[in-house]
Number of protein chains: 2
Amino acid sequence: MIKSTEKVRPKAASRKGPILYTRIEQELREEIERGVHPLGDRLPGEHALCSRFGVSRFTVRQAIRRLGEEGLIEARPGVGTVVIATRKRDSFVQTLNSVEELLQYPAGTVREAIEVRQVLATPDLAEFLHCSVASRWTWLRALRRLQSTQIPISWLDAYVLPELVDALDLESSAGAPLLRQIEEVHGWHAVESSVAIMAGRISSEQAEHLLVEAGSAALIIVRRYRGQDGETYLATHSTHPEGRFSLNFEFEKR
Amino acid sequence: MIKSTEKVRPKAASRKGPILYTRIEQELREEIERGVHPLGDRLPGEHALCSRFGVSRFTVRQAIRRLGEEGLIEARPGVGTVVIATRKRDSFVQTLNSVEELLQYPAGTVREAIEVRQVLATPDLAEFLHCSVASRWTWLRALRRLQSTQIPISWLDAYVLPELVDALDLESSAGAPLLRQIEEVHGWHAVESSVAIMAGRISSEQAEHLLVEAGSAALIIVRRYRGQDGETYLATHSTHPEGRFSLNFEFEKR
DNA sequence: GGTAATTTGTCCGTATGTATT
DNA sequence: CAATACATACGGACAAATTAC
């Protein structure tokens, strides 16, 4: 059976560092990344791992479950635990630009302000901005057009902290992106930022400006920028009608 | 303590229907949805649930863990298990740390084949695959479900070179991703690959399987994998209904 | 501020079920 | 059919976080 050199010591977890199963999880993950367990291989059986690490099967399974949630392995009864991804993969290199390009707006477009107003965060908006309810924001609603043909490619809702707005140029069609303006004028740099991409619909008001049917499909891109205090100071919500925009990524091996 | 009315019966799981913890998981989820445990409330303690359902703490925790993965509750030591949402957000968020991960499929999902057929490339399909018209392809149509709740999160159309198909497992719901299988079985590695993200609509046939309205908005993700000769050997077209899926990127300065 | 009680987190050992080979 | 490997389940013990007093 599992056994244990010293029969005593069911004592407790008696932490010898990090939590036991995370230690095992990490060790196995490193082995997978280093190629000790190549893609398609089976990990040692749970019993084997038990004796190797000197822990119970429960603990081994806890580690294996987490690796499965990360998408590295897949356990199948009667077969074993198979490596289905090594994370590192064959190290693809992005041919286009850097990852940060996602944070920027497409070149060759101009912003056209529709309206600027002050708002208090409703519960919905607060959730969207990750801020507290009733905090104050400046809300810019704008249209983004292709410079060449003037075709509208997206609707923009941008929320900025009011104290940052005074020196900004929200109206200018040729103006720099808000993020750049804030960096230049106030010296604020985003410490954390995130991009979310999802499907959505065109509202009736957006439909008028974008010249598409209300309720039709759209690509939604939400960008959030947070400062050193972890608070969001700028968030944008772009709505791209179907067929007018797509994000493309190219990868080349090595 | 936990006790048990009849001391006997550690016998086994002795399935009286579905797996025990899923039964408990479902019962608790329904109570949360019905408002028996309102938002912000604490669920009964684990010991209480043990005696209520007549199961061990292990089983109760298994159910609670799954509810946590669905985002309904949050367990905190010393506090309890708090209801943080009253309805499962039938959505799935894939958080990416590098653009390369776009090439992989989200963990925690299973593929369920609907149909496999041989097709000749029409002009439309040829353009999509970047191949010549009338070339032969194996077309897999499948559904991708959340492993935890079985909710369908996307429709998959995959096109594979027929000569690669023989040794592949297209049906298996738990099988490795097609890209991995091709790497393992044939040793083909993608030299170039691309990902395109755009807005689209749900077809009527997809609507039936995805349980959404036909014509509603969707996020479309197209992945193409090319070998050393520059020819596409695998292309996938995923359709994610609005609200069921989003791609998230997190960036951190240094 | 400290202590006790409560609640979840971690871990062990064991037993049996189920799927695959 | 038998062996193997993962899946589910039980019950007990102690650790750690939080809260209430």
# chains A, B, ... in the order shown; residues from 1 in each chain; ligands from 1
$ interface_residues --of "chain D" --to "chain B" --cutoff "10 Å" --atoms "only C-alpha atoms (C1' of nucleotides)" --output "mmCIF file with N, CA and C atoms (P, O5', C5', C4', C3', O3' and C1' of nucleotides), in the first residue's frame"
data_model
loop_
_atom_site.group_PDB
_atom_site.id
_atom_site.type_symbol
_atom_site.label_atom_id
_atom_site.label_comp_id
_atom_site.auth_asym_id
_atom_site.auth_seq_id
_atom_site.Cartn_x
_atom_site.Cartn_y
_atom_site.Cartn_z
ATOM 1 P P DT D 8 -15.934 11.439 -10.249
ATOM 2 O "O5'" DT D 8 -16.361 10.607 -8.962
ATOM 3 C "C5'" DT D 8 -17.342 9.588 -9.112
ATOM 4 C "C4'" DT D 8 -17.568 8.907 -7.788
ATOM 5 C "C3'" DT D 8 -17.994 9.843 -6.643
ATOM 6 O "O3'" DT D 8 -19.235 9.368 -6.154
ATOM 7 C "C1'" DT D 8 -16.286 8.371 -5.948
ATOM 8 P P DA D 9 -20.095 10.255 -5.159
ATOM 9 O "O5'" DA D 9 -19.614 9.756 -3.728
ATOM 10 C "C5'" DA D 9 -19.891 8.408 -3.340
ATOM 11 C "C4'" DA D 9 -19.158 8.081 -2.069
ATOM 12 C "C3'" DA D 9 -19.228 9.137 -0.959
ATOM 13 O "O3'" DA D 9 -20.229 8.734 -0.020
ATOM 14 C "C1'" DA D 9 -17.092 8.041 -1.107
ATOM 15 P P DC D 10 -20.520 9.599 1.241
ATOM 16 O "O5'" DC D 10 -19.597 8.910 2.343
ATOM 17 C "C5'" DC D 10 -19.690 7.500 2.523
ATOM 18 C "C4'" DC D 10 -18.678 7.052 3.551
ATOM 19 C "C3'" DC D 10 -18.641 7.928 4.798
ATOM 20 O "O3'" DC D 10 -19.068 7.201 5.932
ATOM 21 C "C1'" DC D 10 -16.437 7.482 3.959
ATOM 22 P P DG D 11 -19.568 7.962 7.197
ATOM 23 O "O5'" DG D 11 -18.228 8.150 8.053
ATOM 24 C "C5'" DG D 11 -17.440 7.015 8.346
ATOM 25 C "C4'" DG D 11 -16.157 7.462 9.000
ATOM 26 C "C3'" DG D 11 -16.328 8.598 10.018
ATOM 27 O "O3'" DG D 11 -15.644 8.253 11.213
ATOM 28 C "C1'" DG D 11 -14.631 9.131 8.461
ATOM 29 P P DA D 16 -1.131 26.253 10.451
ATOM 30 O "O5'" DA D 16 -2.318 27.169 9.913
ATOM 31 C "C5'" DA D 16 -2.790 26.970 8.589
ATOM 32 C "C4'" DA D 16 -3.935 27.928 8.318
ATOM 33 C "C3'" DA D 16 -3.741 29.331 8.880
ATOM 34 O "O3'" DA D 16 -4.236 30.261 7.932
ATOM 35 C "C1'" DA D 16 -5.729 28.414 9.724
ATOM 36 P P DA D 17 -3.911 31.797 8.089
ATOM 37 O "O5'" DA D 17 -5.359 32.443 7.945
ATOM 38 C "C5'" DA D 17 -6.204 31.993 6.885
ATOM 39 C "C4'" DA D 17 -7.639 32.373 7.213
ATOM 40 C "C3'" DA D 17 -7.805 33.800 7.714
ATOM 41 O "O3'" DA D 17 -8.808 34.436 6.940
ATOM 42 C "C1'" DA D 17 -8.848 32.274 9.192
ATOM 43 P P DT D 18 -9.026 36.003 7.034
ATOM 44 O "O5'" DT D 18 -10.289 36.104 7.992
ATOM 45 C "C5'" DT D 18 -11.449 35.346 7.661
ATOM 46 C "C4'" DT D 18 -12.380 35.263 8.841
ATOM 47 C "C3'" DT D 18 -12.705 36.602 9.520
ATOM 48 O "O3'" DT D 18 -14.031 36.953 9.153
ATOM 49 C "C1'" DT D 18 -12.424 34.810 11.077
ATOM 50 P P DT D 19 -14.624 38.348 9.575
ATOM 51 O "O5'" DT D 19 -15.437 37.912 10.883
ATOM 52 C "C5'" DT D 19 -16.216 36.714 10.838
ATOM 53 C "C4'" DT D 19 -16.761 36.404 12.220
ATOM 54 C "C3'" DT D 19 -17.249 37.630 13.011
ATOM 55 O "O3'" DT D 19 -18.561 37.374 13.483
ATOM 56 C "C1'" DT D 19 -15.746 36.339 14.320
#
$ select_by_dssp --residues "region 20-247 of chain B" --states "strand (DSSP E or B)" --output "JSON, numbers by chain"
{"B": [42, 73, 74, 75, 76, 80, 81, 82, 83, 92, 93, 94, 95, 96, 109, 110, 111, 112, 113, 114, 115, 116, 117, 118, 119, 120, 136, 137, 138, 139, 140, 141, 142, 143, 144, 145, 146, 152, 153, 154, 155, 156, 157, 158, 159, 160, 192, 193, 194, 195, 196, 197, 198, 199, 200, 201, 217, 218, 219, 220, 221, 222, 223, 224, 225, 226, 232, 233, 234, 235, 236, 237, 238, 239, 240, 241, 245, 246, 247]}
$ select_by_dssp --residues "region 9-217 of chain B" --states "helix (DSSP H, G or I)" --output "ChimeraX atom specification"
/B:20-34,46-53,57-69,99-103,123-129,162-165,178-186,204-210
$ calpha_fit_rmsd --fixed "chain A" --moving "chain B"
18.9 Å
$ residues_around --residues "region 139-143 of chain A" --least-positions-apart "2" --cutoff "7 Å" --atoms "only C-alpha atoms (C1' of nucleotides)" --output "list in words"
Arg111, Glu112, Ala113, Ile114, Glu115, Val116, Arg117, Gln118, Val119, Trp137, Arg145, Pro152, Ser154, Trp155, Leu156, Asp157, Ala158, Tyr159 and Val160 of chain A
$ write_last_selection --atoms "N, CA and C atoms" --output "PDB file, in the first residue's frame"
ATOM      1  N   ARG A 111     -11.524  59.548 -34.532  1.00  0.00           N
ATOM      2  CA  ARG A 111     -12.597  59.551 -33.554  1.00  0.00           C
ATOM      3  C   ARG A 111     -13.417  60.820 -33.719  1.00  0.00           C
ATOM      4  N   GLU A 112     -14.726  60.671 -33.619  1.00  0.00           N
ATOM      5  CA  GLU A 112     -15.622  61.819 -33.794  1.00  0.00           C
ATOM      6  C   GLU A 112     -16.567  61.845 -32.599  1.00  0.00           C
ATOM      7  N   ALA A 113     -16.384  62.828 -31.734  1.00  0.00           N
ATOM      8  CA  ALA A 113     -17.181  62.872 -30.509  1.00  0.00           C
ATOM      9  C   ALA A 113     -18.650  63.139 -30.817  1.00  0.00           C
ATOM     10  N   ILE A 114     -19.509  62.413 -30.144  1.00  0.00           N
ATOM     11  CA  ILE A 114     -20.946  62.627 -30.290  1.00  0.00           C
ATOM     12  C   ILE A 114     -21.463  63.415 -29.100  1.00  0.00           C
ATOM     13  N   GLU A 115     -20.975  63.044 -27.924  1.00  0.00           N
ATOM     14  CA  GLU A 115     -21.487  63.674 -26.714  1.00  0.00           C
ATOM     15  C   GLU A 115     -20.511  63.429 -25.570  1.00  0.00           C
ATOM     16  N   VAL A 116     -20.414  64.400 -24.690  1.00  0.00           N
ATOM     17  CA  VAL A 116     -19.624  64.237 -23.470  1.00  0.00           C
ATOM     18  C   VAL A 116     -20.514  64.622 -22.304  1.00  0.00           C
ATOM     19  N   ARG A 117     -20.607  63.767 -21.322  1.00  0.00           N
ATOM     20  CA  ARG A 117     -21.434  64.131 -20.162  1.00  0.00           C
ATOM     21  C   ARG A 117     -20.847  63.568 -18.883  1.00  0.00           C
ATOM     22  N   GLN A 118     -21.291  64.139 -17.777  1.00  0.00           N
ATOM     23  CA  GLN A 118     -20.871  63.659 -16.465  1.00  0.00           C
ATOM     24  C   GLN A 118     -21.916  62.675 -15.958  1.00  0.00           C
ATOM     25  N   VAL A 119     -21.458  61.564 -15.386  1.00  0.00           N
ATOM     26  CA  VAL A 119     -22.411  60.578 -14.876  1.00  0.00           C
ATOM     27  C   VAL A 119     -21.979  60.079 -13.502  1.00  0.00           C
ATOM     28  N   TRP A 137     -17.909  60.008 -13.110  1.00  0.00           N
ATOM     29  CA  TRP A 137     -17.140  59.699 -14.307  1.00  0.00           C
ATOM     30  C   TRP A 137     -17.520  60.648 -15.436  1.00  0.00           C
ATOM     31  N   ARG A 145     -14.273  56.333 -37.418  1.00  0.00           N
ATOM     32  CA  ARG A 145     -14.428  56.140 -38.860  1.00  0.00           C
ATOM     33  C   ARG A 145     -13.101  55.778 -39.507  1.00  0.00           C
ATOM     34  N   PRO A 152     -18.092  54.394 -40.915  1.00  0.00           N
ATOM     35  CA  PRO A 152     -17.997  54.192 -39.460  1.00  0.00           C
ATOM     36  C   PRO A 152     -17.721  52.733 -39.143  1.00  0.00           C
ATOM     37  N   SER A 154     -16.844  51.716 -35.776  1.00  0.00           N
ATOM     38  CA  SER A 154     -17.178  51.334 -34.403  1.00  0.00           C
ATOM     39  C   SER A 154     -17.751  52.489 -33.599  1.00  0.00           C
ATOM     40  N   TRP A 155     -18.468  52.108 -32.601  1.00  0.00           N
ATOM     41  CA  TRP A 155     -19.009  53.041 -31.617  1.00  0.00           C
ATOM     42  C   TRP A 155     -18.157  52.919 -30.369  1.00  0.00           C
ATOM     43  N   LEU A 156     -17.872  54.066 -29.766  1.00  0.00           N
ATOM     44  CA  LEU A 156     -17.007  54.064 -28.595  1.00  0.00           C
ATOM     45  C   LEU A 156     -17.700  54.693 -27.395  1.00  0.00           C
ATOM     46  N   ASP A 157     -17.719  53.979 -26.301  1.00  0.00           N
ATOM     47  CA  ASP A 157     -18.091  54.566 -25.015  1.00  0.00           C
ATOM     48  C   ASP A 157     -16.846  54.552 -24.153  1.00  0.00           C
ATOM     49  N   ALA A 158     -16.401  55.730 -23.740  1.00  0.00           N
ATOM     50  CA  ALA A 158     -15.199  55.803 -22.918  1.00  0.00           C
ATOM     51  C   ALA A 158     -15.534  56.470 -21.589  1.00  0.00           C
ATOM     52  N   TYR A 159     -15.004  55.912 -20.510  1.00  0.00           N
ATOM     53  CA  TYR A 159     -15.229  56.476 -19.182  1.00  0.00           C
ATOM     54  C   TYR A 159     -13.887  56.880 -18.595  1.00  0.00           C
ATOM     55  N   VAL A 160     -13.790  58.145 -18.186  1.00  0.00           N
ATOM     56  CA  VAL A 160     -12.538  58.686 -17.670  1.00  0.00           C
ATOM     57  C   VAL A 160     -12.803  59.318 -16.315  1.00  0.00           C
TER      58      VAL A 160
END
$ closest_atom_pairs --of "chain A" --to "chain B" --cutoff "8 Å" --atoms "only C-alpha atoms" --output "JSON lines"
{"residue": "A:Leu39", "atom": "CA", "partner": "B:Glu184", "partner_atom": "CA", "distance": 7.6}
{"residue": "A:Gly40", "atom": "CA", "partner": "B:Glu184", "partner_atom": "CA", "distance": 6.6}
{"residue": "A:Gly68", "atom": "CA", "partner": "B:Ala107", "partner_atom": "CA", "distance": 7.7}
{"residue": "A:Glu69", "atom": "CA", "partner": "B:Gly108", "partner_atom": "CA", "distance": 6.2}
{"residue": "A:Glu70", "atom": "CA", "partner": "B:Ala107", "partner_atom": "CA", "distance": 6.3}
{"residue": "A:Gly71", "atom": "CA", "partner": "B:Ala107", "partner_atom": "CA", "distance": 4.7}
{"residue": "A:Ile84", "atom": "CA", "partner": "B:Ala176", "partner_atom": "CA", "distance": 6.3}
{"residue": "A:Ala85", "atom": "CA", "partner": "B:Arg180", "partner_atom": "CA", "distance": 7.8}
{"residue": "A:Phe92", "atom": "CA", "partner": "B:Glu100", "partner_atom": "CA", "distance": 6.5}
{"residue": "A:Val93", "atom": "CA", "partner": "B:Glu100", "partner_atom": "CA", "distance": 7.9}
{"residue": "A:Gln94", "atom": "CA", "partner": "B:Val99", "partner_atom": "CA", "distance": 7.8}
{"residue": "A:Val99", "atom": "CA", "partner": "B:Val99", "partner_atom": "CA", "distance": 6.7}
{"residue": "A:Ala190", "atom": "CA", "partner": "B:Lys253", "partner_atom": "CA", "distance": 7.3}
{"residue": "A:Val191", "atom": "CA", "partner": "B:Lys253", "partner_atom": "CA", "distance": 4.9}
{"residue": "A:Glu192", "atom": "CA", "partner": "B:Glu252", "partner_atom": "CA", "distance": 4.5}
{"residue": "A:Ser193", "atom": "CA", "partner": "B:Phe251", "partner_atom": "CA", "distance": 5.0}
{"residue": "A:Ser194", "atom": "CA", "partner": "B:Glu250", "partner_atom": "CA", "distance": 4.4}
{"residue": "A:Val195", "atom": "CA", "partner": "B:Phe249", "partner_atom": "CA", "distance": 4.9}
{"residue": "A:Ala196", "atom": "CA", "partner": "B:Asn248", "partner_atom": "CA", "distance": 4.3}
{"residue": "A:Ile197", "atom": "CA", "partner": "B:Leu247", "partner_atom": "CA", "distance": 5.0}
{"residue": "A:Met198", "atom": "CA", "partner": "B:Ser246", "partner_atom": "CA", "distance": 4.6}
{"residue": "A:Ala199", "atom": "CA", "partner": "B:Leu219", "partner_atom": "CA", "distance": 4.7}
{"residue": "A:Gly200", "atom": "CA", "partner": "B:Glu242", "partner_atom": "CA", "distance": 5.8}
{"residue": "A:Arg201", "atom": "CA", "partner": "B:Ala217", "partner_atom": "CA", "distance": 6.4}
{"residue": "A:Ser216", "atom": "CA", "partner": "B:Ala217", "partner_atom": "CA", "distance": 6.8}
{"residue": "A:Ala217", "atom": "CA", "partner": "B:Ala217", "partner_atom": "CA", "distance": 4.3}
{"residue": "A:Ala218", "atom": "CA", "partner": "B:Ala199", "partner_atom": "CA", "distance": 5.2}
{"residue": "A:Leu219", "atom": "CA", "partner": "B:Ala199", "partner_atom": "CA", "distance": 4.7}
{"residue": "A:His240", "atom": "CA", "partner": "B:Ala199", "partner_atom": "CA", "distance": 7.9}
{"residue": "A:Pro241", "atom": "CA", "partner": "B:Ala199", "partner_atom": "CA", "distance": 7.2}
{"residue": "A:Glu242", "atom": "CA", "partner": "B:Ala199", "partner_atom": "CA", "distance": 4.9}
{"residue": "A:Gly243", "atom": "CA", "partner": "B:Ala199", "partner_atom": "CA", "distance": 7.0}
{"residue": "A:Phe245", "atom": "CA", "partner": "B:Met198", "partner_atom": "CA", "distance": 6.7}
{"residue": "A:Ser246", "atom": "CA", "partner": "B:Met198", "partner_atom": "CA", "distance": 4.6}
{"residue": "A:Leu247", "atom": "CA", "partner": "B:Ile197", "partner_atom": "CA", "distance": 5.0}
{"residue": "A:Asn248", "atom": "CA", "partner": "B:Ala196", "partner_atom": "CA", "distance": 4.4}
{"residue": "A:Phe249", "atom": "CA", "partner": "B:Val195", "partner_atom": "CA", "distance": 5.0}
{"residue": "A:Glu250", "atom": "CA", "partner": "B:Ser194", "partner_atom": "CA", "distance": 4.4}
{"residue": "A:Phe251", "atom": "CA", "partner": "B:Ser193", "partner_atom": "CA", "distance": 5.1}
{"residue": "A:Glu252", "atom": "CA", "partner": "B:Glu192", "partner_atom": "CA", "distance": 4.6}
{"residue": "A:Lys253", "atom": "CA", "partner": "B:Val191", "partner_atom": "CA", "distance": 5.1}
$ interface_residues --of "chain C" --to "chain B" --cutoff "6 Å" --atoms "only C-alpha atoms (C1' of nucleotides)" --output "list in words"
DT7, DT8 and DT16 of chain C
$ write_last_selection --atoms "N, CA and C atoms (P, O5', C5', C4', C3', O3' and C1' of nucleotides)" --output "PDB file, in the first residue's frame"
ATOM      1  P    DT C   7     -20.680  27.453  12.301  1.00  0.00           P
ATOM      2  O5'  DT C   7     -19.605  27.492  11.129  1.00  0.00           O
ATOM      3  C5'  DT C   7     -19.198  28.754  10.602  1.00  0.00           C
ATOM      4  C4'  DT C   7     -18.084  28.548   9.595  1.00  0.00           C
ATOM      5  C3'  DT C   7     -18.252  27.275   8.765  1.00  0.00           C
ATOM      6  O3'  DT C   7     -18.251  27.569   7.385  1.00  0.00           O
ATOM      7  C1'  DT C   7     -16.068  27.438   9.645  1.00  0.00           C
ATOM      8  P    DT C   8     -18.435  26.374   6.316  1.00  0.00           P
ATOM      9  O5'  DT C   8     -17.003  26.429   5.603  1.00  0.00           O
ATOM     10  C5'  DT C   8     -16.550  27.654   5.061  1.00  0.00           C
ATOM     11  C4'  DT C   8     -15.037  27.636   4.891  1.00  0.00           C
ATOM     12  C3'  DT C   8     -14.519  26.660   3.834  1.00  0.00           C
ATOM     13  O3'  DT C   8     -13.536  27.304   3.055  1.00  0.00           O
ATOM     14  C1'  DT C   8     -13.443  26.256   5.870  1.00  0.00           C
ATOM     15  P    DT C  16     -14.832  -2.991   0.483  1.00  0.00           P
ATOM     16  O5'  DT C  16     -15.504  -2.307  -0.797  1.00  0.00           O
ATOM     17  C5'  DT C  16     -16.517  -1.338  -0.588  1.00  0.00           C
ATOM     18  C4'  DT C  16     -16.771  -0.578  -1.873  1.00  0.00           C
ATOM     19  C3'  DT C  16     -16.992  -1.470  -3.108  1.00  0.00           C
ATOM     20  O3'  DT C  16     -18.228  -1.106  -3.686  1.00  0.00           O
ATOM     21  C1'  DT C  16     -15.487   0.264  -3.582  1.00  0.00           C
TER      22       DT C  16
END
$ atom_distance --atom1 "CA of Leu179 (chain B)" --atom2 "CA of Gly230 (chain B)"
16.2 Å
$ atom_distance --atom1 "C1' of DA7 (chain D)" --atom2 "CA of Leu168 (chain B)"
26.3 Å
$ residues_around --residues "DA20 (chain D)" --least-positions-apart "3" --cutoff "10 Å" --atoms "only C-alpha atoms (C1' of nucleotides)" --output "PyMOL selection string"
chain C and resi 4-6
$ write_last_selection --atoms "N, CA and C atoms (P, O5', C5', C4', C3', O3' and C1' of nucleotides)" --output "PDB file, in the first residue's frame"
ATOM      1  P    DA C   4      -9.326  30.036  25.905  1.00  0.00           P
ATOM      2  O5'  DA C   4     -10.783  29.693  25.366  1.00  0.00           O
ATOM      3  C5'  DA C   4     -11.898  30.455  25.854  1.00  0.00           C
ATOM      4  C4'  DA C   4     -13.032  30.382  24.852  1.00  0.00           C
ATOM      5  C3'  DA C   4     -13.212  28.995  24.216  1.00  0.00           C
ATOM      6  O3'  DA C   4     -14.600  28.681  24.186  1.00  0.00           O
ATOM      7  C1'  DA C   4     -12.904  30.616  22.521  1.00  0.00           C
ATOM      8  P    DA C   5     -15.064  27.256  23.790  1.00  0.00           P
ATOM      9  O5'  DA C   5     -15.893  27.577  22.467  1.00  0.00           O
ATOM     10  C5'  DA C   5     -16.782  28.687  22.470  1.00  0.00           C
ATOM     11  C4'  DA C   5     -17.252  28.966  21.049  1.00  0.00           C
ATOM     12  C3'  DA C   5     -17.576  27.702  20.245  1.00  0.00           C
ATOM     13  O3'  DA C   5     -18.806  27.897  19.564  1.00  0.00           O
ATOM     14  C1'  DA C   5     -15.990  29.034  19.070  1.00  0.00           C
ATOM     15  P    DT C   6     -19.462  26.709  18.777  1.00  0.00           P
ATOM     16  O5'  DT C   6     -19.266  27.195  17.270  1.00  0.00           O
ATOM     17  C5'  DT C   6     -19.528  28.555  16.955  1.00  0.00           C
ATOM     18  C4'  DT C   6     -19.067  28.863  15.545  1.00  0.00           C
ATOM     19  C3'  DT C   6     -19.354  27.766  14.520  1.00  0.00           C
ATOM     20  O3'  DT C   6     -19.989  28.349  13.406  1.00  0.00           O
ATOM     21  C1'  DT C   6     -17.112  28.453  14.379  1.00  0.00           C
TER      22       DT C   6
END
$ atom_distance --atom1 "CA of Pro162 (chain B)" --atom2 "CA of Arg136 (chain B)"
6.9 Å
$ residues_around --residues "region 26-37 of chain A" --least-positions-apart "5" --cutoff "10 Å" --atoms "only C-alpha atoms (C1' of nucleotides)" --output "ChimeraX atom specification"
/A:21,42-44,49,63-64,66-67,70,72-73,82-89
